[in-house]
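Heads up: the structure comes next, in structure tokens.
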Amino acid sequence: MDVGRHIEGEFAVDTEPAHRGAHHVQSLERGLAVIKAFHADAAELTLSDVARSTGLTRAAARRFLLTLADLGYVRTDGKYFSLTARVLELGYSYLSSMTLPEVAQPHLEHLSAGVHESSSVSVLEGTDIVYVARVAVSRIMTVSINVGTRFPAYATSMGHVLLAGLSKAELEAYFVVAKLDRLTDRTVTAPDRLREELAKVTEQGWAMVDQELEEGLRSVAAPIHDRRGRVAAAVNLSTHASRTTAESVQRDLVPPLLETARAIEADLAIGAPGRAHG
């Protein structure tokens, strides 16, 4: 059980709620924690698995799971629980409320058609990037990437752009909670080295990550700023290291990528759906 928590009745109760307001609905927090217990490496979980992952008692976890099953978000065969496709509605509600995916999509299509590489747009959520728009020219990763796919920010070009756009306090808060695992031999896991890289990104206005997330994957990203000038999202191009060099990526891919980022920003500024160029 997490430090600072104790059992009171059925539930694991947080004993350090000072940062929460009087409005805080703890049952909602727990219900969301149950949903978040499921992920790619834990698509099916037992009641005990969910209780262990969330810090809830078995009785509390069972009540939340059965409630989610009643609502259609969870299915069970009596032993194992798993999420249903209805959970996508929760994420879609967020995505559909944004203009970003709609605005970015035609620009990504134009960009990918011009350079013959896959392009994406993502936002920062916690310590991960989350894809909100994508055009895939070819599959170059061992895992499939779709809208909603998440990757650790520290090992991705879009993550570097988004982290570089944080305030000093926000970035320090990121380093407190982020787990910098070595995903390949090239992954930067030392906080000081990552800070140096992020400073470079801020200075040059774009980021390149060379095989830090997966061997053979080289990607470059640029920031997308909102109307207030803050980094709200990132756009990238990804390519296979076997057919490009870092020099050719900078020469051939960075200029059209930066142009696309500015075009998306322009459309976001006027609140109009993006149009493909040309």
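Here's how to read the names in the structure tokens: chain A, B, ... by the order shown, residue numbers from 1 in each chain, ligand numbers from 1 in the order shown.
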
Fill in: Shell of 10 Å around Tyr154 (chain A), only C-alpha atoms, local chain residues under 2 positions omitted, as a ChimeraX atom specification
/A:127-129,151-152,156-163,175,178-181,187-189,191,194,198,209,212-213

Please produce a file of the residues just selected, as a compact mmCIF listing (two decimals), in the first residue's frame, where the atoms kept are N, CA and C atoms.
```txt
# COMPACT_ATOMS: atom_id res chain seq x y z
N THR A 127 3.33 12.32 -17.81
CA THR A 127 4.71 12.13 -18.27
C THR A 127 4.76 11.52 -19.67
N ASP A 128 3.60 11.41 -20.32
CA ASP A 128 3.52 10.79 -21.64
C ASP A 128 3.08 11.79 -22.70
N ILE A 129 3.38 11.45 -23.96
CA ILE A 129 2.73 12.12 -25.07
C ILE A 129 1.56 11.26 -25.49
N PHE A 151 3.32 7.34 -25.44
CA PHE A 151 4.73 6.99 -25.29
C PHE A 151 5.34 7.91 -24.24
N PRO A 152 6.39 7.45 -23.56
CA PRO A 152 7.06 8.32 -22.57
C PRO A 152 7.69 9.53 -23.25
N THR A 156 10.97 10.62 -26.86
CA THR A 156 10.37 10.94 -28.15
C THR A 156 10.67 12.37 -28.55
N SER A 157 10.70 12.62 -29.85
CA SER A 157 10.96 13.98 -30.31
C SER A 157 9.83 14.92 -29.93
N MET A 158 8.58 14.48 -30.07
CA MET A 158 7.46 15.33 -29.67
C MET A 158 7.48 15.57 -28.17
N GLY A 159 7.89 14.56 -27.41
CA GLY A 159 8.01 14.74 -25.98
C GLY A 159 9.05 15.79 -25.62
N HIS A 160 10.17 15.78 -26.33
CA HIS A 160 11.21 16.78 -26.07
C HIS A 160 10.69 18.19 -26.33
N VAL A 161 9.95 18.34 -27.42
CA VAL A 161 9.38 19.65 -27.75
C VAL A 161 8.39 20.09 -26.67
N LEU A 162 7.55 19.17 -26.24
CA LEU A 162 6.53 19.51 -25.24
C LEU A 162 7.15 19.79 -23.87
N LEU A 163 8.16 19.01 -23.51
CA LEU A 163 8.85 19.25 -22.23
C LEU A 163 9.61 20.58 -22.26
N PHE A 175 10.35 15.99 -13.62
CA PHE A 175 11.50 15.16 -13.24
C PHE A 175 11.28 14.46 -11.90
N ALA A 178 8.74 11.50 -13.24
CA ALA A 178 9.06 10.71 -14.43
C ALA A 178 10.04 9.59 -14.11
N LYS A 179 9.80 8.44 -14.71
CA LYS A 179 10.71 7.30 -14.58
C LYS A 179 11.46 7.16 -15.89
N LEU A 180 12.73 7.46 -15.88
CA LEU A 180 13.54 7.49 -17.10
C LEU A 180 14.20 6.13 -17.33
N ASP A 181 13.46 5.21 -17.90
CA ASP A 181 13.99 3.87 -18.17
C ASP A 181 14.79 3.86 -19.47
N THR A 187 18.96 5.66 -25.44
CA THR A 187 18.03 6.44 -24.64
C THR A 187 18.75 7.30 -23.61
N VAL A 188 18.42 8.59 -23.57
CA VAL A 188 18.98 9.49 -22.57
C VAL A 188 18.17 9.33 -21.29
N THR A 189 18.82 8.86 -20.24
CA THR A 189 18.13 8.63 -18.97
C THR A 189 18.66 9.50 -17.84
N PRO A 191 18.95 12.84 -15.99
CA PRO A 191 18.19 14.09 -15.98
C PRO A 191 18.98 15.30 -16.47
N LEU A 194 19.25 15.23 -20.19
CA LEU A 194 17.96 15.53 -20.80
C LEU A 194 17.67 17.02 -20.71
N LEU A 198 16.87 19.55 -23.79
CA LEU A 198 15.67 20.38 -23.84
C LEU A 198 16.04 21.86 -24.04
N VAL A 209 15.15 13.03 -32.16
CA VAL A 209 15.44 11.89 -31.29
C VAL A 209 15.86 10.74 -32.19
N GLU A 212 16.01 6.49 -29.69
CA GLU A 212 15.92 6.44 -28.22
C GLU A 212 14.68 5.68 -27.76
N LEU A 213 13.62 5.71 -28.56
CA LEU A 213 12.40 5.00 -28.21
C LEU A 213 12.44 3.57 -28.72
```

Fill in: Selection: 10 Å around Arg58 (chain A), only C-alpha atoms, excl. self and same-chain fewer than 3 positions, as a PyMOL selection string
chain A and resi 10-11+47-52+55+61-64

Can I get the selection written as a compact mmCIF listing (two decimals), in the first residue's frame, with N, CA and C atoms?
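Everything below was put into result-v2.txt:
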```txt
# COMPACT_ATOMS: atom_id res chain seq x y z
N GLU A 10 -14.12 -0.06 3.78
CA GLU A 10 -13.78 -0.79 2.56
C GLU A 10 -12.67 -0.13 1.78
N PHE A 11 -12.47 1.15 1.98
CA PHE A 11 -11.63 1.91 1.06
C PHE A 11 -10.26 2.24 1.61
N LEU A 47 -9.86 -9.37 -10.00
CA LEU A 47 -10.24 -8.45 -8.94
C LEU A 47 -9.05 -8.11 -8.06
N SER A 48 -8.25 -9.11 -7.73
CA SER A 48 -7.07 -8.89 -6.89
C SER A 48 -6.07 -7.99 -7.59
N ASP A 49 -5.91 -8.16 -8.92
CA ASP A 49 -4.99 -7.32 -9.68
C ASP A 49 -5.40 -5.86 -9.58
N VAL A 50 -6.68 -5.60 -9.77
CA VAL A 50 -7.19 -4.22 -9.73
C VAL A 50 -7.02 -3.63 -8.33
N ALA A 51 -7.34 -4.42 -7.32
CA ALA A 51 -7.20 -3.93 -5.95
C ALA A 51 -5.76 -3.58 -5.65
N ARG A 52 -4.84 -4.45 -6.09
CA ARG A 52 -3.42 -4.21 -5.83
C ARG A 52 -2.92 -2.98 -6.58
N GLY A 55 -4.74 0.27 -4.95
CA GLY A 55 -4.66 0.50 -3.51
C GLY A 55 -5.99 0.38 -2.82
N ALA A 61 -12.86 -2.46 -4.84
CA ALA A 61 -12.54 -2.66 -6.25
C ALA A 61 -13.67 -3.40 -6.95
N ARG A 62 -14.25 -4.38 -6.26
CA ARG A 62 -15.35 -5.15 -6.85
C ARG A 62 -16.55 -4.25 -7.13
N ARG A 63 -16.88 -3.36 -6.20
CA ARG A 63 -18.02 -2.47 -6.40
C ARG A 63 -17.80 -1.53 -7.57
N PHE A 64 -16.58 -0.99 -7.70
CA PHE A 64 -16.30 -0.11 -8.82
C PHE A 64 -16.33 -0.87 -10.15
```

Worksheet item: From the set A:Tyr174, A:Tyr80, A:Phe38, A:Tyr131, which residue has the shortest atom-to-atom contact distance to Ser119 (chain A), counting only C-alpha atoms?
Response: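 Ranking A:Tyr174, A:Tyr80, A:Phe38, A:Tyr131 by distance to Ser119 (chain A), first place goes to A:Tyr131.
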
Worksheet entry | Residue nearest Arg227 (chain A) among A:Glu215, A:Glu265, A:Glu203, A:Glu247 (counting only C-alpha atoms) | A:Glu265

Item to complete: DSSP on the backbone, then: every residue of region 175-234 of chain A marked helix (DSSP H, G or I), written as JSON, numbers by chain.
Response: {"A": [175, 176, 177, 191, 192, 193, 194, 195, 196, 197, 198, 199, 200, 201, 202, 203, 204]}

Would you mind exporting N, CA, C and O atoms of the selected residues as a PDB file, in the first residue's frame?
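Generated file (again.pdb):
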```
ATOM      1  N   PHE A 175      10.353  15.993 -13.615  1.00  0.00           N
ATOM      2  CA  PHE A 175      11.497  15.156 -13.240  1.00  0.00           C
ATOM      3  C   PHE A 175      11.284  14.455 -11.901  1.00  0.00           C
ATOM      4  O   PHE A 175      11.879  13.411 -11.647  1.00  0.00           O
ATOM      5  N   VAL A 176      10.441  15.020 -11.056  1.00  0.00           N
ATOM      6  CA  VAL A 176      10.154  14.379  -9.773  1.00  0.00           C
ATOM      7  C   VAL A 176       9.402  13.071  -9.981  1.00  0.00           C
ATOM      8  O   VAL A 176       9.658  12.067  -9.301  1.00  0.00           O
ATOM      9  N   VAL A 177       8.468  13.053 -10.950  1.00  0.00           N
ATOM     10  CA  VAL A 177       7.594  11.884 -11.102  1.00  0.00           C
ATOM     11  C   VAL A 177       7.983  10.982 -12.273  1.00  0.00           C
ATOM     12  O   VAL A 177       7.588   9.810 -12.318  1.00  0.00           O
ATOM     13  N   PRO A 191      18.948  12.838 -15.989  1.00  0.00           N
ATOM     14  CA  PRO A 191      18.187  14.093 -15.978  1.00  0.00           C
ATOM     15  C   PRO A 191      18.976  15.305 -16.469  1.00  0.00           C
ATOM     16  O   PRO A 191      18.449  16.131 -17.213  1.00  0.00           O
ATOM     17  N   ASP A 192      20.237  15.413 -16.079  1.00  0.00           N
ATOM     18  CA  ASP A 192      21.033  16.568 -16.500  1.00  0.00           C
ATOM     19  C   ASP A 192      21.240  16.585 -18.001  1.00  0.00           C
ATOM     20  O   ASP A 192      21.187  17.645 -18.640  1.00  0.00           O
ATOM     21  N   ARG A 193      21.482  15.414 -18.580  1.00  0.00           N
ATOM     22  CA  ARG A 193      21.646  15.341 -20.039  1.00  0.00           C
ATOM     23  C   ARG A 193      20.350  15.685 -20.745  1.00  0.00           C
ATOM     24  O   ARG A 193      20.347  16.347 -21.783  1.00  0.00           O
ATOM     25  N   LEU A 194      19.248  15.225 -20.188  1.00  0.00           N
ATOM     26  CA  LEU A 194      17.957  15.528 -20.802  1.00  0.00           C
ATOM     27  C   LEU A 194      17.666  17.019 -20.708  1.00  0.00           C
ATOM     28  O   LEU A 194      17.155  17.622 -21.660  1.00  0.00           O
ATOM     29  N   ARG A 195      18.001  17.631 -19.578  1.00  0.00           N
ATOM     30  CA  ARG A 195      17.812  19.075 -19.443  1.00  0.00           C
ATOM     31  C   ARG A 195      18.627  19.826 -20.498  1.00  0.00           C
ATOM     32  O   ARG A 195      18.164  20.817 -21.075  1.00  0.00           O
ATOM     33  N   GLU A 196      19.859  19.381 -20.745  1.00  0.00           N
ATOM     34  CA  GLU A 196      20.703  20.008 -21.769  1.00  0.00           C
ATOM     35  C   GLU A 196      20.063  19.882 -23.144  1.00  0.00           C
ATOM     36  O   GLU A 196      20.072  20.830 -23.939  1.00  0.00           O
ATOM     37  N   GLU A 197      19.506  18.724 -23.427  1.00  0.00           N
ATOM     38  CA  GLU A 197      18.858  18.505 -24.717  1.00  0.00           C
ATOM     39  C   GLU A 197      17.634  19.403 -24.856  1.00  0.00           C
ATOM     40  O   GLU A 197      17.396  19.970 -25.927  1.00  0.00           O
ATOM     41  N   LEU A 198      16.870  19.549 -23.793  1.00  0.00           N
ATOM     42  CA  LEU A 198      15.672  20.383 -23.844  1.00  0.00           C
ATOM     43  C   LEU A 198      16.044  21.855 -24.037  1.00  0.00           C
ATOM     44  O   LEU A 198      15.340  22.592 -24.740  1.00  0.00           O
ATOM     45  N   ALA A 199      17.147  22.280 -23.440  1.00  0.00           N
ATOM     46  CA  ALA A 199      17.624  23.655 -23.645  1.00  0.00           C
ATOM     47  C   ALA A 199      18.000  23.869 -25.103  1.00  0.00           C
ATOM     48  O   ALA A 199      17.719  24.933 -25.685  1.00  0.00           O
ATOM     49  N   LYS A 200      18.597  22.864 -25.711  1.00  0.00           N
ATOM     50  CA  LYS A 200      18.954  22.931 -27.131  1.00  0.00           C
ATOM     51  C   LYS A 200      17.700  23.029 -27.985  1.00  0.00           C
ATOM     52  O   LYS A 200      17.653  23.785 -28.970  1.00  0.00           O
ATOM     53  N   VAL A 201      16.690  22.256 -27.631  1.00  0.00           N
ATOM     54  CA  VAL A 201      15.425  22.280 -28.366  1.00  0.00           C
ATOM     55  C   VAL A 201      14.813  23.679 -28.311  1.00  0.00           C
ATOM     56  O   VAL A 201      14.331  24.210 -29.318  1.00  0.00           O
ATOM     57  N   THR A 202      14.834  24.275 -27.132  1.00  0.00           N
ATOM     58  CA  THR A 202      14.288  25.622 -26.973  1.00  0.00           C
ATOM     59  C   THR A 202      15.018  26.616 -27.852  1.00  0.00           C
ATOM     60  O   THR A 202      14.416  27.489 -28.486  1.00  0.00           O
ATOM     61  N   GLU A 203      16.332  26.476 -27.920  1.00  0.00           N
ATOM     62  CA  GLU A 203      17.152  27.406 -28.695  1.00  0.00           C
ATOM     63  C   GLU A 203      16.936  27.255 -30.195  1.00  0.00           C
ATOM     64  O   GLU A 203      16.789  28.251 -30.909  1.00  0.00           O
ATOM     65  N   GLN A 204      16.894  26.015 -30.701  1.00  0.00           N
ATOM     66  CA  GLN A 204      16.815  25.816 -32.145  1.00  0.00           C
ATOM     67  C   GLN A 204      15.383  25.733 -32.675  1.00  0.00           C
ATOM     68  O   GLN A 204      15.151  25.875 -33.874  1.00  0.00           O
TER      69      GLN A 204
END
```

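You can rank A:Arg182, A:Pro223, A:Thr57, A:Ala190 by their closest distance to Gln211 (chain A) using only C-alpha atoms, and at the top of that list sits A:Arg182.
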
Item to complete: Would you return as a ChimeraX atom specification the members of region 11-245 of chain A that DSSP assigns to strand (DSSP E) on this structure's backbone?
Response: /A:11-14,45-46,74-76,80-83,118-125,128-135,150-152,207-210,217-225,231-240

Worksheet entry | Atom-to-atom span, CA of Leu32 (chain A) and CA of Leu90 (chain A), Å |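 These atoms are spaced 10.8 Å apart.
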
Using only C-alpha atoms, find each residue of region 205-252 of chain A with at least one atom at most 12 Å away from an atom of region 101-107 of chain A; report its shortest atom-to-atom pair and that distance in Å (one decimal), sort the rows by chain and rising residue number, and return the result as a Markdown table.
```
| residue | atom | partner | partner_atom | distance |
| --- | --- | --- | --- | --- |
| A:Ile224 | CA | A:Ala104 | CA | 10.0 |
| A:Ala233 | CA | A:Pro101 | CA | 10.4 |
| A:Ala234 | CA | A:Ala104 | CA | 10.5 |
| A:Val235 | CA | A:Ala104 | CA | 8.8 |
| A:Asn236 | CA | A:Ala104 | CA | 11.5 |
```

I need the residues from that last selection saved to file as an mmCIF file, in the first residue's frame (with all heavy atoms), if you can.
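The new file part11.cif reads:
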```cif
data_model
loop_
_atom_site.group_PDB
_atom_site.id
_atom_site.type_symbol
_atom_site.label_atom_id
_atom_site.label_comp_id
_atom_site.auth_asym_id
_atom_site.auth_seq_id
_atom_site.Cartn_x
_atom_site.Cartn_y
_atom_site.Cartn_z
ATOM 1 N N ILE A 224 3.851 23.365 -31.653
ATOM 2 C CA ILE A 224 2.672 24.077 -32.123
ATOM 3 C C ILE A 224 2.231 24.973 -30.972
ATOM 4 O O ILE A 224 1.907 24.481 -29.887
ATOM 5 C CB ILE A 224 1.536 23.116 -32.502
ATOM 6 C CG1 ILE A 224 1.965 22.217 -33.669
ATOM 7 C CG2 ILE A 224 0.255 23.876 -32.852
ATOM 8 C CD1 ILE A 224 0.970 21.108 -33.981
ATOM 9 N N ALA A 233 1.070 21.762 -28.366
ATOM 10 C CA ALA A 233 1.143 20.443 -28.997
ATOM 11 C C ALA A 233 2.453 20.353 -29.771
ATOM 12 O O ALA A 233 3.234 21.313 -29.814
ATOM 13 C CB ALA A 233 -0.048 20.222 -29.932
ATOM 14 N N ALA A 234 2.689 19.205 -30.355
ATOM 15 C CA ALA A 234 3.893 19.010 -31.170
ATOM 16 C C ALA A 234 3.517 18.234 -32.418
ATOM 17 O O ALA A 234 2.603 17.399 -32.397
ATOM 18 C CB ALA A 234 4.965 18.261 -30.380
ATOM 19 N N VAL A 235 4.229 18.513 -33.500
ATOM 20 C CA VAL A 235 4.039 17.787 -34.757
ATOM 21 C C VAL A 235 5.366 17.148 -35.129
ATOM 22 O O VAL A 235 6.429 17.734 -34.909
ATOM 23 C CB VAL A 235 3.534 18.734 -35.880
ATOM 24 C CG1 VAL A 235 4.462 19.921 -36.066
ATOM 25 C CG2 VAL A 235 3.335 17.966 -37.193
ATOM 26 N N ASN A 236 5.315 15.927 -35.675
ATOM 27 C CA ASN A 236 6.576 15.262 -35.989
ATOM 28 C C ASN A 236 6.547 14.541 -37.325
ATOM 29 O O ASN A 236 5.496 14.365 -37.944
ATOM 30 C CB ASN A 236 6.976 14.287 -34.873
ATOM 31 C CG ASN A 236 6.425 12.885 -35.094
ATOM 32 O OD1 ASN A 236 5.366 12.687 -35.676
ATOM 33 N ND2 ASN A 236 7.152 11.891 -34.610
#
```
